[in-house]
Amino acid sequence: MSACETASPLSQSDGLPRSPEGEPVFPEPWAAEAFAMTVHLHAKGVFTWNEWAAALSREVHRPRRAADGSDYFECWVAALCALLVDKGVADDVTIAALQESWQRAAEATPHGHPIELANDPLRAGEPSS
């Protein structure tokens, strides 16, 4: 069995969503997108895997994190945001503004439709980026 086939103890956590076959899956589409974004930014050379692992570890081990791992992807997003700030890719103000815009877009998007920043009512009339 290769190292990739060895089950992580985290993958056995009771709080993780599972497929019908019992395999861990992403709890929500945004978690899969955060994962993909992280892989993409690493591939572009924004950070190394060691830097990523250190950032994620810091978030997972912060006080008041869920012992069962149910907030793992919240930790993931927090680690990604912190790393982007540390690397000078974005600042806290920009990240917070985008998070608020995504929230407004989600609230304004009809159920079953994709959430897009263009759906943010406060972005109406802004050019697409």
# chains A, B, ... in the order shown; residues from 1 in each chain; ligands from 1
>>> select_by_dssp(residues="chain A", states="helix (DSSP H, G or I)", output="compact mmCIF listing (two decimals) with C-alpha atoms, in the first residue's frame")
# COMPACT_ATOMS: atom_id res chain seq x y z
CA ALA A 3 1.45 6.44 1.33
CA CYS A 4 -1.40 7.87 -0.77
CA GLU A 5 -3.53 4.81 -0.09
CA PRO A 9 -6.72 9.41 11.03
CA LEU A 10 -8.58 12.64 10.12
CA SER A 11 -10.42 10.78 7.35
CA GLN A 12 -11.92 8.54 10.02
CA PRO A 29 -19.16 23.03 -3.27
CA TRP A 30 -17.28 26.00 -1.79
CA ALA A 31 -14.96 23.59 0.04
CA ALA A 32 -14.07 21.85 -3.21
CA GLU A 33 -13.42 25.25 -4.80
CA ALA A 34 -11.18 26.30 -1.90
CA PHE A 35 -9.25 23.06 -2.33
CA ALA A 36 -8.89 23.61 -6.09
CA MET A 37 -7.84 27.22 -5.58
CA THR A 38 -5.13 26.13 -3.15
CA VAL A 39 -3.78 23.53 -5.58
CA HIS A 40 -3.83 26.10 -8.40
CA LEU A 41 -2.00 28.77 -6.36
CA HIS A 42 0.65 26.24 -5.35
CA ALA A 43 1.08 25.18 -9.01
CA TRP A 49 3.53 22.78 0.17
CA ASN A 50 5.61 23.22 3.33
CA GLU A 51 4.33 26.79 3.68
CA TRP A 52 0.78 25.56 3.06
CA ALA A 53 1.08 22.75 5.58
CA ALA A 54 2.40 25.15 8.23
CA ALA A 55 -0.42 27.66 7.59
CA LEU A 56 -3.12 24.97 7.71
CA SER A 57 -1.62 23.40 10.83
CA ARG A 58 -1.68 26.78 12.60
CA GLU A 59 -5.39 27.16 11.83
CA VAL A 60 -6.38 23.61 12.73
CA TYR A 72 -11.74 21.70 8.71
CA PHE A 73 -12.62 23.65 5.58
CA GLU A 74 -13.22 26.83 7.58
CA CYS A 75 -9.64 26.28 8.80
CA TRP A 76 -8.61 25.68 5.19
CA VAL A 77 -10.06 29.00 4.00
CA ALA A 78 -8.60 30.88 6.98
CA ALA A 79 -5.17 29.38 6.27
CA LEU A 80 -5.41 30.27 2.58
CA CYS A 81 -6.41 33.86 3.39
CA ALA A 82 -3.57 34.21 5.92
CA LEU A 83 -1.05 32.83 3.44
CA LEU A 84 -2.23 35.20 0.70
CA VAL A 85 -1.80 38.13 3.09
CA ASP A 86 1.63 36.88 4.22
CA ASP A 92 -7.06 41.76 4.89
CA VAL A 93 -9.34 44.56 3.67
CA THR A 94 -9.56 43.14 0.14
CA ILE A 95 -10.22 39.62 1.42
CA ALA A 96 -12.91 40.83 3.83
CA ALA A 97 -14.58 42.86 1.06
CA LEU A 98 -14.63 39.82 -1.25
CA GLN A 99 -16.05 37.61 1.51
CA GLU A 100 -18.83 40.14 2.11
CA SER A 101 -19.50 40.40 -1.63
CA TRP A 102 -19.74 36.61 -1.96
CA GLN A 103 -22.16 36.51 0.98
CA ARG A 104 -24.40 39.15 -0.62
CA ALA A 105 -24.19 37.32 -3.96
CA ALA A 106 -25.16 34.04 -2.27
CA GLU A 107 -28.16 35.68 -0.60
CA ALA A 108 -29.27 37.22 -3.91
CA LEU A 117 -19.94 37.82 -7.75
CA ALA A 118 -22.02 39.52 -10.43
CA ASN A 119 -25.07 38.56 -8.34
CA PRO A 121 -26.47 43.75 -5.64
CA LEU A 122 -23.74 46.21 -4.59
CA ARG A 123 -21.65 45.26 -7.62
>>> atom_distance(atom1="atom CA of A:Gly88", atom2="atom CA of A:Val46")
9.8 Å
>>> atom_distance(atom1="atom CA of A:Arg18", atom2="atom CA of A:Ser70")
12.3 Å
>>> atom_distance(atom1="atom CA of A:Val25", atom2="atom CA of A:Ala90")
29.2 Å
